[in-house]
$ cat input.cif   # mmCIF, C-alpha atoms and all ligand atoms
data_data
#
loop_
_atom_site.label_atom_id
_atom_site.label_comp_id
_atom_site.auth_asym_id
_atom_site.auth_seq_id
_atom_site.Cartn_x
_atom_site.Cartn_y
_atom_site.Cartn_z
CA MET B 9 -16.70 13.87 -14.98
CA SER B 10 -18.08 10.45 -15.77
CA LYS B 11 -16.50 7.92 -18.11
CA PRO B 12 -12.83 8.27 -19.04
CA GLY B 13 -11.80 9.55 -22.44
CA TYR B 14 -9.64 8.11 -25.20
CA PRO B 15 -5.92 8.61 -24.50
CA THR B 16 -5.41 11.24 -27.22
CA ASP B 17 -7.41 14.37 -28.10
CA LEU B 18 -6.03 16.53 -30.92
CA HIS B 19 -8.61 19.31 -30.96
CA THR B 20 -9.39 21.41 -27.86
CA HIS B 21 -10.08 25.05 -27.02
CA SER B 22 -9.36 27.11 -23.92
CA VAL B 23 -10.48 30.56 -22.86
CA ARG B 24 -7.56 31.96 -24.93
CA SER B 25 -10.01 31.64 -27.83
CA ASP B 26 -13.66 30.64 -27.44
CA GLY B 27 -13.42 27.88 -24.84
CA VAL B 28 -14.41 28.17 -21.21
CA LEU B 29 -11.46 26.75 -19.24
CA GLU B 30 -8.08 28.32 -18.54
CA PRO B 31 -5.35 26.33 -20.36
CA ALA B 32 -4.05 24.81 -17.09
CA ALA B 33 -7.57 23.78 -16.03
CA LEU B 34 -8.10 22.14 -19.41
CA VAL B 35 -4.91 20.10 -18.94
CA ARG B 36 -5.96 19.09 -15.42
CA LEU B 37 -9.32 17.96 -16.76
CA ALA B 38 -7.49 15.87 -19.37
CA ALA B 39 -5.44 14.23 -16.60
CA GLU B 40 -8.61 13.50 -14.62
CA ARG B 41 -10.21 11.88 -17.63
CA GLY B 42 -7.17 9.78 -18.46
CA VAL B 43 -6.37 11.72 -21.64
CA GLN B 44 -2.57 11.48 -21.91
CA THR B 45 -1.95 13.65 -24.96
CA ILE B 46 -3.85 16.75 -26.01
CA ALA B 47 -3.37 19.40 -28.65
CA LEU B 48 -4.42 22.84 -27.45
CA SER B 49 -5.76 24.26 -30.70
CA ASP B 50 -7.16 27.70 -29.90
CA HIS B 51 -8.36 29.83 -32.80
CA ASP B 52 -5.62 32.07 -34.23
CA THR B 53 -3.45 31.98 -31.12
CA LEU B 54 -0.73 30.01 -29.33
CA ALA B 55 -1.17 32.21 -26.24
CA GLY B 56 -2.23 29.31 -24.01
CA ALA B 57 0.48 26.89 -25.12
CA THR B 58 3.23 27.71 -22.62
CA GLU B 59 0.86 27.56 -19.64
CA ALA B 60 -0.67 24.31 -20.90
CA VAL B 61 2.72 22.67 -21.54
CA GLY B 62 3.87 23.69 -18.04
CA GLU B 63 0.76 22.25 -16.40
CA GLY B 64 1.14 19.15 -18.58
CA GLN B 65 4.61 18.56 -17.12
CA ARG B 66 3.14 18.71 -13.61
CA SER B 67 0.12 16.52 -14.29
CA GLY B 68 1.63 14.02 -16.72
CA VAL B 69 -0.20 15.15 -19.88
CA ARG B 70 1.68 15.70 -23.11
CA VAL B 71 0.54 19.00 -24.67
CA ILE B 72 1.07 19.65 -28.39
CA PRO B 73 1.03 23.39 -29.22
CA ALA B 74 -1.44 23.92 -32.05
CA VAL B 75 -3.79 26.44 -33.64
CA GLU B 76 -7.04 26.28 -35.54
CA LEU B 77 -7.29 28.73 -38.44
CA ASN B 78 -10.68 29.71 -39.85
CA THR B 79 -10.66 30.58 -43.53
CA GLU B 80 -12.77 32.50 -46.02
CA SER B 81 -13.74 30.88 -49.31
CA ARG B 82 -16.56 29.42 -51.34
CA TRP B 83 -15.84 26.00 -49.83
CA GLY B 84 -17.98 26.47 -46.73
CA ASP B 85 -16.47 26.30 -43.24
CA VAL B 86 -12.88 25.24 -43.83
CA HIS B 87 -10.87 25.16 -40.63
CA VAL B 88 -7.21 24.17 -40.65
CA LEU B 89 -5.44 22.71 -37.61
CA GLY B 90 -1.68 23.29 -37.34
CA TYR B 91 0.24 20.95 -35.01
CA PHE B 92 3.67 21.27 -33.41
CA LEU B 93 3.96 25.00 -33.90
CA ASP B 94 6.37 27.03 -31.79
CA PRO B 95 4.74 29.53 -29.39
CA ALA B 96 8.02 31.52 -29.48
CA ASP B 97 7.94 31.89 -33.30
CA ALA B 98 7.73 35.69 -33.62
CA LEU B 99 6.93 35.76 -37.34
CA LEU B 100 4.09 33.28 -36.86
CA GLU B 101 2.77 35.34 -33.95
CA GLU B 102 2.80 38.41 -36.20
CA ARG B 103 0.54 36.63 -38.72
CA LEU B 104 -1.73 35.30 -35.99
CA ARG B 105 -2.03 38.77 -34.50
CA TRP B 106 -3.12 40.09 -37.89
CA LEU B 107 -5.85 37.41 -37.95
CA ARG B 108 -6.96 38.20 -34.41
CA GLU B 109 -7.10 41.93 -35.13
CA ASN B 110 -9.27 41.31 -38.18
CA ARG B 111 -11.49 39.13 -36.06
CA GLY B 112 -11.63 41.86 -33.40
CA ARG B 113 -12.45 44.49 -36.03
CA ARG B 114 -15.28 42.29 -37.26
CA ILE B 115 -16.77 42.03 -33.75
CA GLU B 116 -16.46 45.82 -33.42
CA LEU B 117 -18.48 46.23 -36.64
CA MET B 118 -21.08 43.76 -35.37
CA VAL B 119 -21.41 45.71 -32.10
CA GLU B 120 -21.98 48.90 -34.13
CA LYS B 121 -24.62 47.15 -36.21
CA LEU B 122 -26.36 45.81 -33.09
CA ASN B 123 -26.38 49.27 -31.51
CA ARG B 124 -27.92 50.74 -34.67
CA LEU B 125 -30.58 48.01 -34.53
CA GLY B 126 -31.40 49.05 -30.96
CA TYR B 127 -29.53 46.34 -29.02
CA ALA B 128 -27.38 48.15 -26.50
CA VAL B 129 -24.21 46.13 -26.04
CA SER B 130 -20.71 47.51 -25.42
CA LEU B 131 -17.49 46.40 -27.06
CA GLN B 132 -15.83 46.83 -23.66
CA ARG B 133 -18.05 44.15 -22.14
CA VAL B 134 -17.33 41.77 -25.04
CA ILE B 135 -13.59 42.30 -24.51
CA GLU B 136 -14.01 41.55 -20.77
CA ILE B 137 -15.87 38.33 -21.54
CA ALA B 138 -13.05 37.24 -23.89
CA LYS B 139 -10.55 37.65 -21.01
CA GLY B 140 -7.72 38.72 -23.28
CA GLY B 141 -8.40 35.98 -25.84
CA ALA B 142 -9.19 36.37 -29.54
CA LEU B 143 -12.58 38.12 -29.86
CA GLY B 144 -15.24 35.96 -31.43
CA ARG B 145 -18.96 35.72 -31.91
CA PRO B 146 -19.35 33.45 -28.84
CA HIS B 147 -18.23 36.35 -26.62
CA LEU B 148 -20.68 38.67 -28.34
CA ALA B 149 -23.46 36.08 -27.91
CA GLN B 150 -22.72 35.91 -24.21
CA ALA B 151 -22.84 39.71 -23.90
CA LEU B 152 -26.21 39.78 -25.68
CA ALA B 153 -27.64 37.08 -23.43
CA GLU B 154 -26.28 38.81 -20.33
CA ALA B 155 -27.91 42.11 -21.36
CA GLY B 156 -31.25 40.32 -21.75
CA HIS B 157 -31.56 41.04 -25.49
CA VAL B 158 -31.93 37.33 -26.25
CA ARG B 159 -33.22 34.39 -24.25
CA SER B 160 -30.03 32.40 -24.49
CA TYR B 161 -26.58 32.15 -26.00
CA ASP B 162 -27.90 29.98 -28.86
CA ASP B 163 -30.75 32.40 -29.41
CA ALA B 164 -28.22 35.21 -29.99
CA PHE B 165 -26.73 33.22 -32.88
CA ASP B 166 -30.10 32.16 -34.28
CA THR B 167 -31.71 35.59 -34.31
CA LEU B 168 -28.89 38.13 -34.59
CA ILE B 169 -25.35 37.08 -35.41
CA SER B 170 -25.31 33.97 -37.59
CA LYS B 171 -24.82 34.17 -41.36
CA ASP B 172 -27.78 36.01 -42.96
CA ALA B 173 -28.93 37.35 -39.55
CA PRO B 174 -29.28 41.16 -39.26
CA ALA B 175 -26.09 41.92 -37.32
CA TYR B 176 -23.80 39.52 -39.19
CA VAL B 177 -20.55 40.82 -40.70
CA GLU B 178 -18.39 38.74 -43.07
CA ARG B 179 -14.90 37.86 -41.96
CA VAL B 180 -11.77 38.76 -43.83
CA GLY B 181 -8.88 36.40 -43.55
CA LEU B 182 -6.92 33.56 -45.06
CA THR B 183 -8.07 31.28 -47.85
CA PRO B 184 -7.83 27.53 -47.09
CA SER B 185 -4.64 27.30 -49.18
CA GLU B 186 -3.07 30.24 -47.37
CA ALA B 187 -3.90 28.68 -44.00
CA VAL B 188 -2.23 25.38 -44.94
CA ARG B 189 0.81 27.18 -46.34
CA LEU B 190 1.12 29.31 -43.22
CA VAL B 191 1.25 26.20 -41.02
CA VAL B 192 3.79 24.48 -43.29
CA ALA B 193 5.97 27.60 -43.57
CA HIS B 194 6.29 27.59 -39.78
CA GLY B 195 7.20 23.91 -39.55
CA GLY B 196 3.81 22.61 -38.43
CA ALA B 197 1.72 19.67 -39.63
CA ALA B 198 -1.58 20.84 -41.16
CA SER B 199 -4.80 18.85 -40.75
CA LEU B 200 -8.19 19.69 -42.21
CA ALA B 201 -10.59 20.05 -39.25
CA HIS B 202 -14.12 18.53 -39.18
CA PRO B 203 -14.31 18.04 -42.97
CA GLY B 204 -18.08 17.60 -42.69
CA THR B 205 -18.46 21.40 -42.79
CA VAL B 206 -16.61 21.68 -46.13
CA ASN B 207 -18.57 21.95 -49.37
CA GLY B 208 -16.88 20.15 -52.27
CA LEU B 209 -14.33 18.23 -50.19
CA PRO B 210 -13.14 15.88 -53.00
CA GLU B 211 -12.35 18.93 -55.19
CA LEU B 212 -10.70 20.96 -52.43
CA LEU B 213 -8.52 18.18 -51.00
CA PRO B 214 -6.05 17.77 -53.90
CA GLN B 215 -5.42 21.53 -53.84
CA LEU B 216 -4.71 21.50 -50.13
CA VAL B 217 -2.48 18.44 -50.46
CA ASP B 218 -0.45 20.42 -53.03
CA ASP B 219 -0.22 23.22 -50.47
CA GLY B 220 1.25 20.79 -47.94
CA LEU B 221 -1.76 19.36 -46.07
CA VAL B 222 -0.59 16.13 -44.38
CA ALA B 223 -3.60 15.13 -42.27
CA MET B 224 -7.37 15.19 -41.97
CA GLU B 225 -9.66 15.06 -38.93
CA VAL B 226 -11.42 11.79 -39.67
CA TYR B 227 -12.63 11.21 -36.10
CA TYR B 228 -14.91 13.91 -34.77
CA PRO B 229 -17.93 13.79 -32.43
CA GLU B 230 -20.40 15.01 -35.05
CA HIS B 231 -19.41 12.47 -37.71
CA THR B 232 -21.67 9.44 -38.16
CA ALA B 233 -20.06 6.01 -38.56
CA ALA B 234 -20.76 6.16 -42.31
CA ARG B 235 -19.19 9.61 -42.61
CA THR B 236 -16.15 8.46 -40.66
CA ALA B 237 -15.70 5.47 -42.97
CA GLU B 238 -16.00 7.72 -46.02
CA LEU B 239 -13.43 10.16 -44.63
CA ARG B 240 -11.07 7.34 -43.69
CA ALA B 241 -11.17 6.15 -47.30
CA LEU B 242 -10.55 9.69 -48.59
CA ALA B 243 -7.63 10.10 -46.17
CA GLU B 244 -6.12 6.86 -47.46
CA ARG B 245 -6.57 7.92 -51.07
CA PHE B 246 -4.74 11.19 -50.46
CA ARG B 247 -2.24 9.61 -48.02
CA LEU B 248 -3.38 11.88 -45.23
CA ILE B 249 -2.77 11.02 -41.59
CA PRO B 250 -6.15 10.46 -39.89
CA THR B 251 -6.41 12.77 -36.86
CA GLY B 252 -9.25 13.10 -34.39
CA GLY B 253 -10.43 15.29 -31.57
CA SER B 254 -13.36 16.38 -29.46
CA ASP B 255 -13.36 20.12 -30.37
CA PHE B 256 -13.97 20.54 -26.65
CA HIS B 257 -14.98 24.08 -25.69
CA GLY B 258 -16.57 23.43 -22.30
CA ARG B 259 -19.90 24.64 -23.62
CA GLY B 260 -22.67 22.60 -25.16
CA GLU B 261 -23.06 24.18 -28.58
CA HIS B 262 -20.41 22.32 -30.52
CA GLY B 263 -17.77 19.70 -30.08
CA GLY B 264 -17.95 17.01 -27.42
CA PRO B 265 -16.50 16.09 -24.03
CA LEU B 266 -12.72 16.02 -23.69
CA GLY B 267 -11.29 12.75 -25.04
CA CYS B 268 -14.55 11.67 -26.69
CA ALA B 269 -13.11 11.02 -30.16
CA TYR B 270 -11.04 7.98 -31.08
CA VAL B 271 -7.56 8.74 -32.40
CA PRO B 272 -5.37 5.96 -33.91
CA SER B 273 -2.40 5.20 -31.66
CA ASP B 274 0.17 5.96 -34.38
CA THR B 275 -1.27 9.35 -35.36
CA VAL B 276 0.92 11.55 -33.16
CA GLY B 277 4.09 9.75 -34.30
CA ALA B 278 3.02 10.16 -37.92
CA LEU B 279 2.47 13.90 -37.40
CA GLU B 280 5.94 14.19 -35.89
CA LYS B 281 7.44 12.41 -38.88
CA ALA B 282 5.56 14.75 -41.19
CA CYS B 283 7.06 17.72 -39.33
CA ALA B 284 10.52 16.24 -39.83
CA ARG B 285 9.83 15.99 -43.59
CA ILE B 286 8.56 19.57 -43.57
CA ALA B 287 11.75 20.72 -41.81
CA GLU B 288 13.71 19.08 -44.66
CA GLY B 289 11.58 21.00 -47.16
CA LYS B 290 9.95 17.88 -48.56
CA VAL B 291 6.31 18.89 -48.09
CA GLY B 292 4.27 21.53 -49.91
CA THR B 293 5.43 24.00 -52.50
ZN ZN T 1 -13.51 24.44 -36.24
ZN ZN T 2 -12.29 23.83 -32.96
#
$ encode --input "input.cif" --output "structure tokens"
Amino acid sequence: MSKPGYPTDLHTHSVRSDGVLEPAALVRLAAERGVQTIALSDHDTLAGATEAVGEGQRSGVRVIPAVELNTESRWGDVHVLGYFLDPADALLEERLRWLRENRGRRIELMVEKLNRLGYAVSLQRVIEIAKGGALGRPHLAQALAEAGHVRSYDDAFDTLISKDAPAYVERVGLTPSEAVRLVVAHGGAASLAHPGTVNGLPELLPQLVDDGLVAMEVYYPEHTAARTAELRALAERFRLIPTGGSDFHGRGEHGGPLGCAYVPSDTVGALEKACARIAEGKVGT
């Protein structure tokens, strides 16, 4: 790994969802790159948190247990990050399991569609590729590439499994408001991830703030300087804590290298304070 990263990265994925690295390997990479604090924010699961926190204690990296929740709505791709959640929270795990099972069911339906279209791919192989993590389209794309049905991983998305492609199946899941409320109900600080993928952000934000949103991912590798400035102003207007992260997956298709996004030095402290206010019942409805 070449140049060192920023000291904080609040958006990363491991193989427990659609990343490439085991949680411990991700933490070791952070240590190598000089990233001192990371949030492990796998999709719909805290399954990697305990391993990552343990490795963090060995290698001197602070690990914040987090999740990223995808949502379904007319607002485009609204993803909600939840920070400082408890991996031992059984009720939260129950909700996350429901989300993962829906996601798994969706992949099952996509496999059936692909088979009907003449692309032989087995659900078993997709499950193996996911290595016990939440099943997602990236695992399916890898299975399709491996079987030689497409030229590459990206090609699988482009021709078969992206929105409007022949084997696509809609997700069922939380609305953006439900995702924010779920995080708040379990004592976490909710941040709106990569707001650039949201349609109608200025209309959606006040709603989510009412639901208990306390932060927004202002700093993100795909944001231009102008976009970042715009989001910083919006965050100020709604008194949201500006968060930032790489969305590191270990693959090229989205996100950036670990520690590539600037994060203000007081962000983590502000998130902790927000959690304290949430614990006192002062945030959300
Ligand atoms: Zn996302
Ligand atoms: Zn992400």
$ residues_near_ligand --input "input.cif" --ligand "ligand ZN 1 (chain T)" --cutoff "9 Å" --atoms "only C-alpha atoms and all ligand atoms" --output "PyMOL selection string"
chain B and resi 19+51+76-78+85-89+201-202+205+255+263
$ residues_near_point --input "input.cif" --point "(-24.6, 17.2, -40.1)" --cutoff "10 Å" --atoms "only C-alpha atoms" --output "PyMOL selection string"
chain B and resi 204-205+230-232+235
$ atom_distance --input "input.cif" --atom1 "CA of Ala175 in chain B" --atom2 "CA of Arg108 in chain B"
19.7 Å
$ atom_distance --input "input.cif" --atom1 "CA of Leu93 in chain B" --atom2 "CA of Ile137 in chain B"
26.9 Å
$ residues_near_point --input "input.cif" --point "(-2.0, 17.7, -14.6)" --cutoff "8 Å" --atoms "only C-alpha atoms" --output "list of chain:residue names"
B:Ala32, B:Val35, B:Arg36, B:Leu37, B:Ala38, B:Ala39, B:Glu40, B:Glu63, B:Gly64, B:Gln65, B:Arg66, B:Ser67, B:Gly68, B:Val69
$ closest_residue --input "input.cif" --among "B:Glu211, B:Asp166, B:Asp17, B:Glu30" --to "ligand ZN 2 (chain T)" --atoms "all atoms listed in the file"
B:Asp17
$ atom_distance --input "input.cif" --atom1 "CA of Leu54 in chain B" --atom2 "CA of Val119 in chain B"
26.1 Å
$ closest_residue --input "input.cif" --among "B:Glu102, B:Glu178, B:Glu225, B:Glu186" --to "Leu242 in chain B" --atoms "all atoms listed in the file"
B:Glu225
$ axis_aligned_box --input "input.cif" --around "range 23-41 of chain B" --padding-each-side "6 Å" --output "JSON"
{"center_x": -9.2, "center_y": 21.9, "center_z": -21.2, "size_x": 22.4, "size_y": 32.1, "size_z": 25.2}
$ residues_around --input "input.cif" --residues "Pro95 in chain B" --least-positions-apart "5" --cutoff "9 Å" --atoms "all atoms listed in the file" --output "ChimeraX atom specification"
/B:53-58,73-74,100-101
$ decode --input "input.cif" --residues "range 200-213 of chain B" --atoms "all heavy atoms" --output "compact mmCIF listing (two decimals), in the first residue's frame"
# COMPACT_ATOMS: atom_id res chain seq x y z
N LEU B 200 -26.50 9.76 7.10
CA LEU B 200 -26.93 9.47 5.73
C LEU B 200 -25.68 9.26 4.88
O LEU B 200 -24.85 10.15 4.73
CB LEU B 200 -27.75 10.64 5.19
CG LEU B 200 -28.26 10.48 3.75
CD1 LEU B 200 -29.21 9.29 3.64
CD2 LEU B 200 -28.94 11.75 3.28
N ALA B 201 -25.55 8.04 4.32
CA ALA B 201 -24.35 7.69 3.54
C ALA B 201 -24.38 8.35 2.15
O ALA B 201 -25.47 8.61 1.62
CB ALA B 201 -24.25 6.18 3.39
N HIS B 202 -23.20 8.57 1.59
CA HIS B 202 -23.04 9.11 0.22
C HIS B 202 -24.31 9.77 -0.34
O HIS B 202 -24.96 9.23 -1.23
CB HIS B 202 -22.55 8.02 -0.75
CG HIS B 202 -23.23 6.67 -0.60
ND1 HIS B 202 -24.53 6.44 -0.96
CD2 HIS B 202 -22.77 5.50 -0.12
CE1 HIS B 202 -24.83 5.18 -0.71
NE2 HIS B 202 -23.78 4.59 -0.20
N PRO B 203 -24.64 10.96 0.17
CA PRO B 203 -25.92 11.60 -0.21
C PRO B 203 -26.04 11.89 -1.70
O PRO B 203 -27.14 12.19 -2.18
CB PRO B 203 -25.92 12.91 0.59
CG PRO B 203 -24.90 12.73 1.65
CD PRO B 203 -23.87 11.79 1.13
N GLY B 204 -24.94 11.80 -2.42
CA GLY B 204 -24.98 12.02 -3.87
C GLY B 204 -25.89 11.04 -4.61
O GLY B 204 -26.32 11.31 -5.72
N THR B 205 -26.20 9.90 -4.00
CA THR B 205 -27.05 8.91 -4.68
C THR B 205 -28.54 9.10 -4.33
O THR B 205 -29.38 8.32 -4.77
CB THR B 205 -26.65 7.46 -4.29
OG1 THR B 205 -26.83 7.29 -2.87
CG2 THR B 205 -25.20 7.17 -4.66
N VAL B 206 -28.83 10.14 -3.53
CA VAL B 206 -30.22 10.39 -3.13
C VAL B 206 -30.88 11.37 -4.11
O VAL B 206 -30.26 12.37 -4.48
CB VAL B 206 -30.27 10.99 -1.70
CG1 VAL B 206 -31.68 11.36 -1.29
CG2 VAL B 206 -29.65 10.02 -0.69
N ASN B 207 -32.08 11.07 -4.53
CA ASN B 207 -32.84 12.03 -5.35
C ASN B 207 -33.73 12.85 -4.42
O ASN B 207 -34.50 12.28 -3.67
CB ASN B 207 -33.74 11.31 -6.36
CG ASN B 207 -32.94 10.39 -7.27
OD1 ASN B 207 -31.81 10.71 -7.65
ND2 ASN B 207 -33.52 9.25 -7.61
N GLY B 208 -33.64 14.17 -4.51
CA GLY B 208 -34.50 15.02 -3.68
C GLY B 208 -33.99 15.18 -2.27
O GLY B 208 -34.77 15.27 -1.31
N LEU B 209 -32.67 15.26 -2.12
CA LEU B 209 -32.06 15.36 -0.79
C LEU B 209 -32.64 16.48 0.09
O LEU B 209 -32.97 16.24 1.25
CB LEU B 209 -30.54 15.52 -0.96
CG LEU B 209 -29.70 15.58 0.30
CD1 LEU B 209 -29.81 14.28 1.10
CD2 LEU B 209 -28.23 15.86 -0.04
N PRO B 210 -32.78 17.72 -0.44
CA PRO B 210 -33.29 18.80 0.44
C PRO B 210 -34.70 18.52 0.98
O PRO B 210 -35.05 18.99 2.05
CB PRO B 210 -33.30 20.04 -0.46
CG PRO B 210 -32.36 19.71 -1.59
CD PRO B 210 -32.46 18.23 -1.78
N GLU B 211 -35.50 17.72 0.24
CA GLU B 211 -36.85 17.39 0.72
C GLU B 211 -36.80 16.24 1.73
O GLU B 211 -37.56 16.19 2.69
CB GLU B 211 -37.76 16.97 -0.45
CG GLU B 211 -38.14 18.10 -1.41
CD GLU B 211 -37.00 18.44 -2.37
OE1 GLU B 211 -36.45 17.53 -3.00
OE2 GLU B 211 -36.65 19.64 -2.46
N LEU B 212 -35.90 15.28 1.46
CA LEU B 212 -35.84 14.10 2.33
C LEU B 212 -35.20 14.42 3.69
O LEU B 212 -35.63 13.91 4.73
CB LEU B 212 -35.04 12.98 1.64
CG LEU B 212 -34.83 11.70 2.46
CD1 LEU B 212 -36.17 11.03 2.78
CD2 LEU B 212 -33.91 10.72 1.74
N LEU B 213 -34.19 15.30 3.68
CA LEU B 213 -33.43 15.54 4.91
C LEU B 213 -34.27 15.94 6.13
O LEU B 213 -34.11 15.35 7.20
CB LEU B 213 -32.33 16.58 4.68
CG LEU B 213 -30.94 16.06 4.33
CD1 LEU B 213 -29.97 17.22 4.28
CD2 LEU B 213 -30.46 15.00 5.31
